[in-house]
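J.: If it helps, the file is called start_37.tsv and holds TSV, C-alpha atoms:
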```
chain	number	residue	atom	x	y	z
A	203	MET	CA	7.96	-33.99	11.20
A	204	THR	CA	11.06	-35.81	12.45
A	205	GLU	CA	12.92	-32.86	13.93
A	206	THR	CA	13.38	-32.59	17.68
A	207	LEU	CA	11.01	-30.18	19.36
A	208	ALA	CA	12.61	-26.83	20.21
A	209	LEU	CA	11.08	-27.34	23.65
A	210	LEU	CA	13.46	-30.29	24.01
A	211	GLY	CA	16.53	-28.59	22.54
A	212	GLY	CA	15.85	-28.86	18.83
A	213	LYS	CA	16.06	-26.12	16.23
A	214	PRO	CA	13.02	-23.83	16.07
A	215	VAL	CA	11.03	-23.97	12.85
A	216	VAL	CA	10.53	-20.22	12.56
A	217	ASP	CA	13.65	-18.21	11.71
A	218	LEU	CA	11.95	-15.36	9.85
A	219	ARG	CA	10.43	-12.38	11.65
A	220	ALA	CA	7.37	-10.20	11.38
A	221	PRO	CA	7.86	-6.45	10.89
A	222	ALA	CA	8.40	-4.41	14.04
A	223	TRP	CA	5.46	-2.32	15.21
A	224	PRO	CA	4.64	0.57	15.10
A	225	ILE	CA	5.65	1.65	11.60
A	226	ALA	CA	6.45	5.22	10.56
A	227	GLY	CA	8.20	6.77	7.57
A	228	ASP	CA	9.97	9.82	6.20
A	229	LEU	CA	6.69	11.62	5.53
A	230	GLU	CA	5.77	11.63	9.22
A	231	VAL	CA	9.29	12.83	10.11
A	232	ALA	CA	9.03	15.74	7.68
A	233	TRP	CA	5.52	16.65	8.83
A	234	MET	CA	6.58	16.34	12.47
A	235	GLU	CA	9.53	18.70	12.01
A	236	ALA	CA	7.28	21.23	10.33
A	237	VAL	CA	4.76	21.01	13.17
A	238	VAL	CA	7.44	21.44	15.83
A	239	ARG	CA	8.83	24.50	14.04
A	240	SER	CA	5.36	25.97	13.47
A	241	GLY	CA	4.47	26.23	17.15
A	242	LYS	CA	0.97	24.96	16.30
A	243	TRP	CA	0.99	21.93	18.56
A	244	SER	CA	-2.62	21.65	19.69
A	245	TRP	CA	-6.12	23.16	19.58
A	246	VAL	CA	-7.41	21.40	16.43
A	247	GLY	CA	-4.57	22.23	14.07
A	248	PRO	CA	-4.44	21.63	10.31
A	249	HIS	CA	-3.20	18.03	10.57
A	250	GLU	CA	-5.94	17.12	13.05
A	251	GLN	CA	-8.57	18.72	10.83
A	252	ALA	CA	-7.19	16.90	7.80
A	253	PHE	CA	-7.12	13.55	9.59
A	254	CYS	CA	-10.69	13.92	10.82
A	255	SER	CA	-11.86	14.54	7.26
A	256	GLU	CA	-9.78	11.66	5.87
A	257	PHE	CA	-10.80	9.18	8.55
A	258	ALA	CA	-14.50	10.04	8.28
A	259	SER	CA	-14.26	9.41	4.53
A	260	PHE	CA	-12.40	6.14	5.13
A	261	ILE	CA	-15.02	4.88	7.61
A	262	GLY	CA	-17.98	6.30	5.67
A	263	THR	CA	-19.42	8.81	8.15
A	264	LYS	CA	-20.14	12.51	8.00
A	265	HIS	CA	-18.12	13.37	11.07
A	266	CYS	CA	-15.00	12.38	12.99
A	267	ALA	CA	-13.54	13.91	16.14
A	268	CYS	CA	-10.12	13.10	17.60
A	269	LEU	CA	-9.81	12.58	21.35
A	270	SER	CA	-7.04	11.77	23.78
A	271	ASN	CA	-7.62	8.01	24.03
A	272	GLY	CA	-10.06	5.18	23.39
A	273	THR	CA	-11.49	5.22	26.91
A	274	VAL	CA	-12.76	8.79	26.85
A	275	THR	CA	-14.11	8.18	23.34
A	276	ILE	CA	-16.52	5.62	24.82
A	277	GLN	CA	-17.38	7.96	27.71
A	278	CYS	CA	-18.15	10.86	25.38
A	279	ALA	CA	-20.00	8.65	22.91
A	280	LEU	CA	-22.30	7.37	25.65
A	281	GLN	CA	-22.93	10.87	26.96
A	282	ALA	CA	-23.60	12.15	23.45
A	283	VAL	CA	-26.30	9.54	22.80
A	284	GLY	CA	-28.03	10.53	26.03
A	285	ILE	CA	-26.88	7.99	28.62
A	286	GLN	CA	-27.55	9.31	32.12
A	287	PRO	CA	-26.41	8.11	35.56
A	288	GLY	CA	-28.41	5.04	36.50
A	289	ASP	CA	-29.07	3.97	32.91
A	290	GLU	CA	-27.99	0.46	32.00
A	291	VAL	CA	-25.70	-0.36	29.10
A	292	ILE	CA	-24.96	-3.89	27.90
A	293	VAL	CA	-21.32	-4.86	27.45
A	294	PRO	CA	-19.85	-8.25	26.44
A	295	GLY	CA	-18.10	-10.24	29.13
A	296	LEU	CA	-14.94	-10.43	27.01
A	297	THR	CA	-13.43	-7.03	26.25
A	298	TRP	CA	-10.65	-4.77	27.42
A	299	THR	CA	-11.32	-3.08	30.76
A	300	ALA	CA	-11.87	0.37	29.21
A	301	THR	CA	-15.21	-0.61	27.68
A	302	MET	CA	-16.65	-1.31	31.10
A	303	GLN	CA	-14.79	1.47	32.92
A	304	ALA	CA	-15.94	4.17	30.52
A	305	ALA	CA	-19.60	3.39	31.15
A	306	LEU	CA	-19.17	3.12	34.91
A	307	ASP	CA	-17.24	6.37	35.05
A	308	ILE	CA	-20.11	8.42	33.59
A	309	GLY	CA	-22.56	6.93	36.08
A	310	ALA	CA	-24.08	4.20	33.91
A	311	ASN	CA	-24.61	0.70	35.26
A	312	VAL	CA	-22.92	-1.98	33.20
A	313	VAL	CA	-24.78	-5.22	32.54
A	314	LEU	CA	-22.41	-7.88	31.25
A	315	ALA	CA	-23.74	-10.43	28.77
A	316	ASP	CA	-22.14	-13.57	27.38
A	317	ILE	CA	-20.32	-13.85	24.07
A	318	ASP	CA	-20.80	-15.71	20.81
A	319	PRO	CA	-18.78	-18.95	20.98
A	320	GLU	CA	-17.36	-18.52	17.46
A	321	THR	CA	-16.51	-14.81	17.22
A	322	TYR	CA	-16.01	-14.01	20.94
A	323	CYS	CA	-18.16	-10.89	20.38
A	324	LEU	CA	-21.41	-9.95	22.13
A	325	ASP	CA	-24.06	-12.68	21.71
A	326	PRO	CA	-27.31	-11.01	20.56
A	327	ALA	CA	-29.43	-13.65	22.32
A	328	ALA	CA	-27.56	-13.11	25.59
A	329	ALA	CA	-27.89	-9.35	25.17
A	330	GLU	CA	-31.64	-9.66	24.72
A	331	LYS	CA	-31.95	-11.76	27.87
A	332	ALA	CA	-30.04	-9.08	29.77
A	333	LEU	CA	-32.46	-6.28	28.88
A	334	THR	CA	-34.40	-4.51	31.62
A	335	PRO	CA	-36.60	-1.39	31.58
A	336	ARG	CA	-33.45	0.60	32.49
A	337	THR	CA	-31.43	-0.57	29.45
A	338	LYS	CA	-30.60	2.36	27.18
A	339	ALA	CA	-27.67	1.24	25.05
A	340	LEU	CA	-25.72	-1.67	23.59
A	341	ILE	CA	-21.94	-1.58	23.29
A	342	PRO	CA	-20.97	-4.24	20.74
A	343	VAL	CA	-17.21	-4.79	20.81
A	344	HIS	CA	-15.73	-5.88	17.48
A	345	LEU	CA	-13.03	-8.01	19.07
A	346	TYR	CA	-9.65	-9.20	17.75
A	347	GLY	CA	-10.31	-10.53	14.21
A	348	CYS	CA	-14.12	-10.68	14.18
A	349	MET	CA	-17.09	-8.35	14.04
A	350	SER	CA	-20.24	-8.43	16.16
A	351	ASP	CA	-23.48	-9.54	14.49
A	352	MET	CA	-24.65	-6.04	13.61
A	353	ASP	CA	-27.79	-7.28	11.87
A	354	ALA	CA	-29.12	-8.96	14.99
A	355	LEU	CA	-27.89	-6.26	17.37
A	356	GLY	CA	-29.26	-3.51	15.15
A	357	GLU	CA	-32.64	-5.21	15.09
A	358	LEU	CA	-32.55	-5.62	18.86
A	359	ALA	CA	-31.75	-1.92	19.26
A	360	ARG	CA	-34.59	-0.86	16.97
A	361	LYS	CA	-37.06	-3.16	18.71
A	362	HIS	CA	-36.28	-1.78	22.16
A	363	ASN	CA	-35.33	1.81	21.24
A	364	LEU	CA	-31.70	1.39	22.30
A	365	LYS	CA	-28.66	3.37	21.26
A	366	VAL	CA	-25.73	1.51	19.71
A	367	VAL	CA	-22.19	2.61	20.57
A	368	GLU	CA	-19.70	0.52	18.59
A	369	ASP	CA	-16.41	-0.21	20.33
A	370	ALA	CA	-14.30	-0.50	17.19
A	371	ALA	CA	-10.92	-0.17	18.90
A	372	HIS	CA	-9.79	-3.34	17.11
A	373	GLN	CA	-11.46	-2.72	13.77
A	374	HIS	CA	-10.06	0.26	11.86
A	375	GLY	CA	-11.25	-0.55	8.35
A	376	SER	CA	-13.53	-3.54	8.90
A	377	ARG	CA	-16.77	-3.50	6.90
A	378	TRP	CA	-20.10	-5.24	7.54
A	379	ARG	CA	-22.17	-5.59	4.36
A	380	ASN	CA	-19.73	-3.01	2.97
A	381	VAL	CA	-20.52	-0.48	5.72
A	382	GLY	CA	-17.59	0.53	7.88
A	383	ALA	CA	-17.21	-0.46	11.52
A	384	GLY	CA	-17.92	2.80	13.31
A	385	ALA	CA	-20.71	3.69	10.86
A	386	LEU	CA	-23.12	0.89	11.78
A	387	GLY	CA	-24.47	2.26	15.06
A	388	ASP	CA	-25.27	5.70	16.40
A	389	VAL	CA	-21.60	6.36	17.07
A	390	GLY	CA	-18.29	4.54	16.73
A	391	SER	CA	-15.36	4.60	19.17
A	392	PHE	CA	-11.75	3.95	18.07
A	393	SER	CA	-8.54	3.63	20.03
A	394	MET	CA	-5.22	4.74	18.53
A	395	GLN	CA	-3.07	3.33	21.34
A	396	GLN	CA	0.33	1.95	20.28
A	397	SER	CA	-0.75	-1.65	19.73
A	398	LYS	CA	-3.57	-0.70	17.33
A	399	VAL	CA	-3.41	-1.02	13.53
A	400	LEU	CA	-3.74	2.77	13.28
A	401	THR	CA	-1.78	4.40	16.06
A	402	SER	CA	-0.40	7.64	17.42
A	403	GLY	CA	0.99	6.07	20.59
A	404	GLU	CA	-2.07	7.24	22.48
A	405	GLY	CA	-5.23	8.75	21.05
A	406	GLY	CA	-8.74	7.98	19.94
A	407	ALA	CA	-11.46	8.98	17.50
A	408	ILE	CA	-15.24	9.05	17.35
A	409	THR	CA	-17.24	8.71	14.15
A	410	THR	CA	-20.91	9.50	13.61
A	411	ASN	CA	-23.44	10.61	11.01
A	412	SER	CA	-25.37	12.70	13.54
A	413	GLU	CA	-24.82	16.47	13.68
A	414	GLU	CA	-26.18	16.58	17.23
A	415	ILE	CA	-23.95	13.77	18.49
A	416	TYR	CA	-20.92	15.32	16.82
A	417	GLU	CA	-21.53	18.72	18.39
A	418	ILE	CA	-21.88	17.24	21.88
A	419	ILE	CA	-18.69	15.20	21.46
A	420	TYR	CA	-16.81	18.21	20.13
A	421	CYS	CA	-17.84	20.32	23.12
A	422	LEU	CA	-16.97	17.53	25.53
A	423	LYS	CA	-13.46	17.17	24.14
A	424	GLN	CA	-12.77	20.81	23.23
A	425	VAL	CA	-13.30	22.48	26.65
A	426	GLY	CA	-16.83	23.50	25.71
A	427	TRP	CA	-16.19	25.05	22.29
A	428	SER	CA	-18.52	24.14	19.44
A	429	PRO	CA	-17.30	23.00	15.99
A	430	LYS	CA	-18.01	26.55	14.77
A	431	GLY	CA	-15.41	27.97	17.15
A	432	THR	CA	-18.00	29.59	19.41
A	433	PRO	CA	-18.96	28.58	22.96
A	434	GLY	CA	-21.20	25.53	22.75
A	435	ASN	CA	-24.30	24.58	24.65
A	436	HIS	CA	-22.80	21.55	26.40
A	437	TYR	CA	-20.50	20.75	29.30
A	438	GLY	CA	-16.84	20.62	28.29
A	439	HIS	CA	-13.68	18.69	29.16
A	440	ASN	CA	-10.16	18.73	27.74
A	441	TYR	CA	-9.78	15.47	25.83
A	442	ARG	CA	-7.73	16.91	22.96
A	443	ILE	CA	-4.94	15.24	21.01
A	444	THR	CA	-1.91	17.11	19.67
A	445	GLU	CA	-0.79	17.96	16.15
A	446	MET	CA	2.12	15.53	16.57
A	447	GLN	CA	-0.33	12.69	17.18
A	448	ALA	CA	-2.39	13.77	14.16
A	449	VAL	CA	0.73	13.58	11.99
A	450	LEU	CA	1.25	9.95	13.00
A	451	LEU	CA	-2.40	9.15	12.32
A	452	ARG	CA	-2.34	10.71	8.86
A	453	GLY	CA	0.78	8.75	7.92
A	454	GLY	CA	-0.67	5.53	9.28
A	455	LEU	CA	-3.94	6.04	7.45
A	456	LEU	CA	-2.08	6.33	4.15
A	457	ARG	CA	-0.58	2.86	4.74
A	458	LEU	CA	-3.69	1.27	6.23
A	459	PRO	CA	-5.48	0.13	3.04
A	460	GLU	CA	-2.40	-1.78	1.89
A	461	HIS	CA	-1.88	-3.23	5.38
A	462	LEU	CA	-5.52	-4.36	5.42
A	463	ARG	CA	-5.03	-6.14	2.09
A	464	ILE	CA	-1.86	-7.91	3.24
A	465	ARG	CA	-3.36	-8.98	6.58
A	466	GLU	CA	-6.44	-10.43	4.89
A	467	GLU	CA	-4.25	-12.40	2.47
A	468	ARG	CA	-2.02	-13.73	5.25
A	469	ALA	CA	-5.04	-14.61	7.37
A	470	ALA	CA	-6.49	-16.61	4.47
A	471	GLN	CA	-3.12	-18.34	4.09
A	472	LEU	CA	-3.17	-19.33	7.76
A	473	VAL	CA	-6.77	-20.57	7.51
A	474	ALA	CA	-5.84	-22.79	4.58
A	475	GLY	CA	-2.67	-24.05	6.24
A	476	LEU	CA	-4.30	-24.95	9.54
A	477	GLU	CA	-7.21	-26.62	7.77
A	478	ARG	CA	-4.76	-28.68	5.74
A	479	ILE	CA	-2.79	-30.00	8.71
A	480	GLY	CA	-5.73	-30.36	11.11
A	481	GLY	CA	-5.25	-30.67	14.84
A	482	PRO	CA	-6.39	-28.67	17.88
A	483	LEU	CA	-5.93	-25.17	16.43
A	484	ARG	CA	-8.17	-23.41	13.92
A	485	VAL	CA	-9.05	-19.86	12.89
A	486	ALA	CA	-12.49	-18.50	13.79
A	487	ARG	CA	-14.90	-18.83	10.89
A	488	ARG	CA	-15.45	-15.56	9.06
A	489	ASP	CA	-19.02	-14.33	8.83
A	490	PRO	CA	-19.86	-13.89	5.12
A	491	ARG	CA	-21.46	-10.54	5.94
A	492	VAL	CA	-17.99	-9.21	6.82
A	493	THR	CA	-16.88	-7.74	3.51
A	494	ARG	CA	-13.51	-6.52	4.83
A	495	GLN	CA	-11.83	-7.62	8.02
A	496	SER	CA	-9.30	-5.53	9.86
A	497	TYR	CA	-7.23	-7.69	12.17
A	498	TYR	CA	-6.08	-6.25	15.47
A	499	ALA	CA	-5.42	-9.92	16.08
A	500	LEU	CA	-6.36	-13.17	14.39
A	501	THR	CA	-9.03	-14.96	16.44
A	502	LEU	CA	-8.34	-18.68	16.89
A	503	HIS	CA	-9.87	-21.64	18.72
A	504	PHE	CA	-7.94	-24.28	20.67
A	505	ASP	CA	-9.68	-27.63	21.16
A	506	GLU	CA	-8.38	-29.44	24.24
A	507	ALA	CA	-10.10	-32.64	23.11
A	508	GLN	CA	-7.74	-32.82	20.12
A	509	ALA	CA	-4.62	-31.82	22.04
A	510	GLY	CA	-3.66	-35.13	23.63
A	511	GLY	CA	-4.23	-33.93	27.17
A	512	LEU	CA	-2.33	-30.65	26.82
A	513	THR	CA	-3.68	-27.41	28.19
A	514	ARG	CA	-3.83	-24.31	26.01
A	515	GLU	CA	-0.90	-22.80	27.89
A	516	GLN	CA	1.27	-25.89	27.40
A	517	TYR	CA	0.42	-26.07	23.71
A	518	LEU	CA	1.18	-22.37	23.19
A	519	ALA	CA	4.46	-22.73	25.09
A	520	ALA	CA	5.53	-25.50	22.70
A	521	LEU	CA	4.60	-23.32	19.73
A	522	GLY	CA	6.42	-20.35	21.24
A	523	SER	CA	9.60	-22.43	21.50
A	524	GLU	CA	9.33	-23.03	17.76
A	525	GLY	CA	9.08	-19.27	17.16
A	526	CYS	CA	5.30	-19.22	16.67
A	527	HIS	CA	4.14	-16.73	19.28
A	528	LEU	CA	0.42	-16.86	20.03
A	529	GLY	CA	-1.35	-15.76	23.19
A	530	GLY	CA	-4.55	-16.17	25.12
A	531	THR	CA	-7.43	-13.73	25.22
A	532	TYR	CA	-8.19	-11.07	27.79
A	533	PRO	CA	-9.65	-12.50	31.01
A	534	PRO	CA	-13.37	-11.96	31.64
A	535	VAL	CA	-13.65	-8.20	32.02
A	536	HIS	CA	-15.17	-8.42	35.52
A	537	ARG	CA	-12.33	-10.73	36.65
A	538	HIS	CA	-9.47	-8.68	35.20
A	539	GLY	CA	-6.62	-8.11	37.64
A	540	LEU	CA	-6.35	-4.48	36.52
A	541	LEU	CA	-10.01	-3.77	37.24
A	542	ASN	CA	-10.67	-4.07	40.96
A	543	LEU	CA	-14.38	-3.36	40.83
A	544	TYR	CA	-14.88	-3.47	44.60
A	545	ASP	CA	-11.97	-1.26	45.63
A	546	ASN	CA	-12.95	2.05	47.20
A	547	THR	CA	-11.52	3.87	44.16
A	548	SER	CA	-14.13	2.18	41.96
A	549	PRO	CA	-17.63	3.59	41.38
A	550	VAL	CA	-19.18	0.17	42.07
A	551	PRO	CA	-19.20	0.28	45.92
A	552	SER	CA	-21.09	3.59	45.83
A	553	ARG	CA	-23.94	2.16	43.72
A	554	ASP	CA	-27.14	0.65	45.09
A	555	PRO	CA	-26.47	-3.13	45.13
A	556	ALA	CA	-30.08	-3.75	44.15
A	557	GLU	CA	-29.60	-1.80	40.91
A	558	ILE	CA	-26.24	-3.10	39.73
A	559	GLN	CA	-25.10	-6.51	38.57
A	560	ASN	CA	-23.32	-8.63	41.18
A	561	TYR	CA	-20.01	-8.94	39.36
A	562	ALA	CA	-18.40	-10.91	42.17
A	563	GLU	CA	-20.80	-13.80	41.63
A	564	LEU	CA	-21.56	-13.33	37.92
A	565	GLU	CA	-20.99	-16.40	35.77
A	566	LEU	CA	-20.80	-16.17	31.98
A	567	PRO	CA	-20.21	-19.75	30.77
A	568	VAL	CA	-19.02	-19.09	27.22
A	569	THR	CA	-16.78	-16.24	28.33
A	570	ALA	CA	-15.31	-18.46	31.05
A	571	ARG	CA	-14.59	-21.29	28.62
A	572	VAL	CA	-13.07	-19.06	25.95
A	573	THR	CA	-10.87	-17.11	28.35
A	574	GLY	CA	-9.94	-20.14	30.42
A	575	SER	CA	-9.03	-22.74	27.82
A	576	GLU	CA	-10.13	-22.09	24.24
A	577	GLY	CA	-9.38	-18.58	23.02
A	578	VAL	CA	-6.11	-17.89	21.18
A	579	VAL	CA	-4.92	-14.78	19.33
A	580	LEU	CA	-2.12	-13.90	16.91
A	581	MET	CA	-1.30	-10.18	16.92
A	582	HIS	CA	-1.67	-8.17	13.75
A	583	GLN	CA	1.99	-7.40	13.06
A	584	HIS	CA	2.54	-11.11	12.33
A	585	LEU	CA	0.02	-10.83	9.51
A	586	LEU	CA	2.27	-8.27	7.84
A	587	GLY	CA	5.01	-10.87	7.50
A	588	GLU	CA	6.02	-12.39	4.18
A	589	GLU	CA	4.27	-15.49	2.83
A	590	ASP	CA	7.31	-17.59	3.78
A	591	TYR	CA	6.95	-16.40	7.38
A	592	ILE	CA	3.32	-17.53	7.47
A	593	ASP	CA	4.36	-20.88	5.99
A	594	GLN	CA	6.85	-21.23	8.84
A	595	LEU	CA	4.14	-20.51	11.42
A	596	VAL	CA	1.99	-23.27	9.92
A	597	ALA	CA	4.99	-25.60	9.85
A	598	ALA	CA	5.62	-24.91	13.54
A	599	VAL	CA	2.02	-25.85	14.36
A	600	ASP	CA	2.36	-28.99	12.24
A	601	LYS	CA	5.56	-29.97	14.05
A	602	VAL	CA	4.01	-29.58	17.51
A	603	ASN	CA	0.81	-31.34	16.43
A	604	GLY	CA	2.89	-34.34	15.40
A	605	LYS	CA	4.59	-34.56	18.78
A	606	LEU	CA	1.80	-33.87	21.28
A	607	GLU	CA	2.73	-36.86	23.43
A	608	GLN	CA	6.31	-35.64	23.72
A	609	VAL	CA	5.07	-32.20	24.75
A	610	LYS	CA	2.76	-33.79	27.31
A	611	THR	CA	5.59	-35.89	28.73
A	612	HIS	CA	7.83	-32.83	28.96
A	613	PHE	CA	5.36	-30.89	31.05
A	614	ALA	CA	4.44	-33.91	33.16
A	615	THR	CA	8.13	-34.35	33.99
A	616	GLN	CA	8.45	-30.68	34.90
A	617	GLU	CA	5.48	-30.90	37.22
A	618	ALA	CA	6.64	-34.10	38.91
```
What do you get writing this file as C-alpha cells?
T.:
Amino acid sequence: MTETLALLGGKPVVDLRAPAWPIAGDLEVAWMEAVVRSGKWSWVGPHEQAFCSEFASFIGTKHCACLSNGTVTIQCALQAVGIQPGDEVIVPGLTWTATMQAALDIGANVVLADIDPETYCLDPAAAEKALTPRTKALIPVHLYGCMSDMDALGELARKHNLKVVEDAAHQHGSRWRNVGAGALGDVGSFSMQQSKVLTSGEGGAITTNSEEIYEIIYCLKQVGWSPKGTPGNHYGHNYRITEMQAVLLRGGLLRLPEHLRIREERAAQLVAGLERIGGPLRVARRDPRVTRQSYYALTLHFDEAQAGGLTREQYLAALGSEGCHLGGTYPPVHRHGLLNLYDNTSPVPSRDPAEIQNYAELELPVTARVTGSEGVVLMHQHLLGEEDYIDQLVAAVDKVNGKLEQVKTHFATQEA
C-alpha cells in the first residue's frame, strides 16, 4: 500500500456502505396498518400468537413466549426454573449488564466467572471453580459471534444438578451440533432490542421444551393468566409486547434465514482476507460444533505484540479513518459505568456481604485482558454488505498494517 493514510489526510479505502439497520418492508407496513385499524393492539393477538409458533419452530422448541424486553426474559426464565432469593447463579464476566441485573433483581446472588480466551464466552473450567453448595444455575451467554461450549457446560450442569438458562440475545438462529441456541438448556432468553438481528425496537422472547416452565413464564408475563386463558397458579406481572411489535418480528423472521446465510458468507470472506494479509487482527476461531452461526457481531482478536507499539484504540482509530469501523467489547460487567453495583438503588448493598461476591475487588484476568486491550467486534449490519464492501474492509486493514509506524508516530506527536 503506497497511499497516504486517511488519518494523515489521505483518501479512505472504504467508499461503499453497509445496509442501514433496522430493515423493514412493505409487508410489515401493510400488516401494521391492518393492526392499527383492527383495534387489537395487545393481549396476545393473532400476530403475537403466529410469531410465537413460527419462532419456536425456527429455534426447535415446543414453546415460545414473547415478553417486553430481554432483561425480563432472563428474570422470568430464572424464576421459572426455580431460582429463589439467595440462590447463586454463575454469569460470565463479559456480558451486557442485563444478564447480571436480571438475576440480582429477583434476589439471586450472581457469581461472576472468567471467560474463554478464544470465544469470550463463559469458561466451563472457571464456572466449575466458582461452584458452591448454593449454586443453582448457569447462565451461558452466547456472545457476539461465538457460542458457549454447551457440551462442557451441559455436562457440568448434569453433574451438579444445575439449571441452564441460555442468554441467546446475540444468537437468533445459531446452532450447536444442529440444535438451536435457546433449545440447548432448560430455557432460552432472547432480546429483540433495536440492535439485534431480529428486532421489534424493544422486546424479547423465551423458548423452552418444558410445559411447566412455559406455563410459569406465561403467567409471569400475562398478569397471572395461564396459556389456556384461565387464571393460572403463579404470580403474575405485565411483561407483554404489543401486536405492532409482533408484526415487526414476523417480518424480520421471514428475512432472517437469508440474512444468516449472507452473514456467514461475509464472515468467511473476512476470515480468509485477514488470514491472507496477516498482522495484528484476526477473527475468533469457529468451534466446529457450531453448525450455524448467527452474528450479532463478528468476534475478533487484536494482538498488541504484532501492532508495532500501537494500542487497540489507536489501531481502531486508524481503521475508522479508512472507513472500517470496528469497536471494542463491553467492559467487564461488574465494572460497567451503567451498572453502579454499590449505589443505594442497587440490590447489592442490602445483601449479606459474607454471601455475595466482592465485585469491587473481583479480578477476572482473561476478562480484563480481552476488554482492556484484545477484544474487537464488527457489528452485524456490516456483514450484510456486498462482497466488494468486505474486500474494502480487508484492504483498509491491509493499508493500516503496512503503515503501523506512521500511525504510531501520528499518535506520539498528538500526545507530545
J.: Find the residues near range 512-524 of chain A: any atom within 10 Å, counting only C-alpha atoms, skip ones fewer than 2 places away on the same chain, and give them as an mmCIF file with C-alpha atoms, keeping the file's coordinate frame.
T.:
```
data_model
loop_
_atom_site.group_PDB
_atom_site.id
_atom_site.type_symbol
_atom_site.label_atom_id
_atom_site.label_comp_id
_atom_site.auth_asym_id
_atom_site.auth_seq_id
_atom_site.Cartn_x
_atom_site.Cartn_y
_atom_site.Cartn_z
ATOM 1 C CA LEU A 207 11.010 -30.180 19.360
ATOM 2 C CA ALA A 208 12.610 -26.830 20.210
ATOM 3 C CA LEU A 209 11.080 -27.340 23.650
ATOM 4 C CA LEU A 210 13.460 -30.290 24.010
ATOM 5 C CA GLY A 211 16.530 -28.590 22.540
ATOM 6 C CA GLY A 212 15.850 -28.860 18.830
ATOM 7 C CA LYS A 213 16.060 -26.120 16.230
ATOM 8 C CA PRO A 214 13.020 -23.830 16.070
ATOM 9 C CA VAL A 215 11.030 -23.970 12.850
ATOM 10 C CA VAL A 216 10.530 -20.220 12.560
ATOM 11 C CA ASP A 217 13.650 -18.210 11.710
ATOM 12 C CA PRO A 482 -6.390 -28.670 17.880
ATOM 13 C CA LEU A 483 -5.930 -25.170 16.430
ATOM 14 C CA HIS A 503 -9.870 -21.640 18.720
ATOM 15 C CA PHE A 504 -7.940 -24.280 20.670
ATOM 16 C CA ASP A 505 -9.680 -27.630 21.160
ATOM 17 C CA GLU A 506 -8.380 -29.440 24.240
ATOM 18 C CA ALA A 507 -10.100 -32.640 23.110
ATOM 19 C CA GLN A 508 -7.740 -32.820 20.120
ATOM 20 C CA ALA A 509 -4.620 -31.820 22.040
ATOM 21 C CA GLY A 510 -3.660 -35.130 23.630
ATOM 22 C CA CYS A 526 5.300 -19.220 16.670
ATOM 23 C CA HIS A 527 4.140 -16.730 19.280
ATOM 24 C CA LEU A 528 0.420 -16.860 20.030
ATOM 25 C CA GLY A 529 -1.350 -15.760 23.190
ATOM 26 C CA GLY A 530 -4.550 -16.170 25.120
ATOM 27 C CA GLY A 574 -9.940 -20.140 30.420
ATOM 28 C CA SER A 575 -9.030 -22.740 27.820
ATOM 29 C CA GLU A 576 -10.130 -22.090 24.240
ATOM 30 C CA GLY A 577 -9.380 -18.580 23.020
ATOM 31 C CA VAL A 578 -6.110 -17.890 21.180
ATOM 32 C CA GLN A 594 6.850 -21.230 8.840
ATOM 33 C CA LEU A 595 4.140 -20.510 11.420
ATOM 34 C CA ALA A 597 4.990 -25.600 9.850
ATOM 35 C CA ALA A 598 5.620 -24.910 13.540
ATOM 36 C CA VAL A 599 2.020 -25.850 14.360
ATOM 37 C CA ASP A 600 2.360 -28.990 12.240
ATOM 38 C CA LYS A 601 5.560 -29.970 14.050
ATOM 39 C CA VAL A 602 4.010 -29.580 17.510
ATOM 40 C CA ASN A 603 0.810 -31.340 16.430
ATOM 41 C CA LYS A 605 4.590 -34.560 18.780
ATOM 42 C CA LEU A 606 1.800 -33.870 21.280
ATOM 43 C CA GLU A 607 2.730 -36.860 23.430
ATOM 44 C CA VAL A 609 5.070 -32.200 24.750
ATOM 45 C CA LYS A 610 2.760 -33.790 27.310
ATOM 46 C CA THR A 611 5.590 -35.890 28.730
ATOM 47 C CA HIS A 612 7.830 -32.830 28.960
ATOM 48 C CA PHE A 613 5.360 -30.890 31.050
ATOM 49 C CA ALA A 614 4.440 -33.910 33.160
#
```
J.: What is the distance, in Å and to one decimal place, between CA of Val550 in chain A and CA of Cys323 in chain A?
T.: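 About the pair CA of Val550 in chain A and CA of Cys323 in chain A: they are 24.4 Å apart.
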J.: Could you tell me how far CA of Ala220 in chain A sits from CA of His584 in chain A, in Å to one decimal place?
T.: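 Straight-line distance from CA of His584 in chain A to CA of Ala220 in chain A works out to 5.0 Å.
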J.: Could you check which residues have any atom within 6 Å of (-0.8, 7.9, 13.5), counting only C-alpha atoms with coordinates taken straight from the file, and then list them as a CSV table (one decimal) with C-alpha atoms, in the frame of the given file?
T.:
```csv
chain,number,residue,atom,x,y,z
A,400,LEU,CA,-3.7,2.8,13.3
A,401,THR,CA,-1.8,4.4,16.1
A,402,SER,CA,-0.4,7.6,17.4
A,450,LEU,CA,1.2,10.0,13.0
A,451,LEU,CA,-2.4,9.2,12.3
A,452,ARG,CA,-2.3,10.7,8.9
A,453,GLY,CA,0.8,8.8,7.9
A,454,GLY,CA,-0.7,5.5,9.3
```
J.: For Ile341 in chain A, work out the shell of residues within 10 Å, counting all atoms listed in the file and skipping chain neighbours fewer than 5 positions away, then give it as a ChimeraX atom specification.
T.: /A:276,280,291-294,301-302,305,312,324,329,355,365-370,387,390-391
J.: Looking at only C-alpha atoms, which of A:Pro221, A:Gly262, A:Pro248, A:Pro335 is the one that sits closest to Met446 in chain A?
T.: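 Of the candidates, the smallest distance to Met446 in chain A is held by A:Pro248.
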J.: Which one is closest to Ile225 in chain A: A:Gly403, A:Pro326, A:Gly356, A:Gly241? Count all atoms listed in the file.
T.: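 Residue with the minimum atom-to-atom distance to Ile225 in chain A: A:Gly403.
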J.: For the atom pair CA of Trp233 in chain A and CA of Lys430 in chain A, what is the interatomic distance in Å to one decimal place?
T.: 26.2 Å
J.: Mind checking which residues fall within 9 Å of Asn440 in chain A, counting all atoms listed in the file, ignoring those fewer than 4 positions away in the same chain, and posting them as number ranges by chain?
T.: A: 269-270, 422-426
J.: I'd like the contact shell of Thr531 in chain A - 12 Å cut-off, only C-alpha atoms, skipping same-chain residues fewer than 4 positions apart - returned as a PyMOL selection string.
T.: chain A and resi 295-298+322+345-347+499-504+514-515+535+538+569-581
J.: Closest to Gly481 in chain A among A:Leu456, A:Val596, A:Leu566, A:Met394, using only C-alpha atoms?
T.: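 Result for the nearest residue to Gly481 in chain A: A:Val596.
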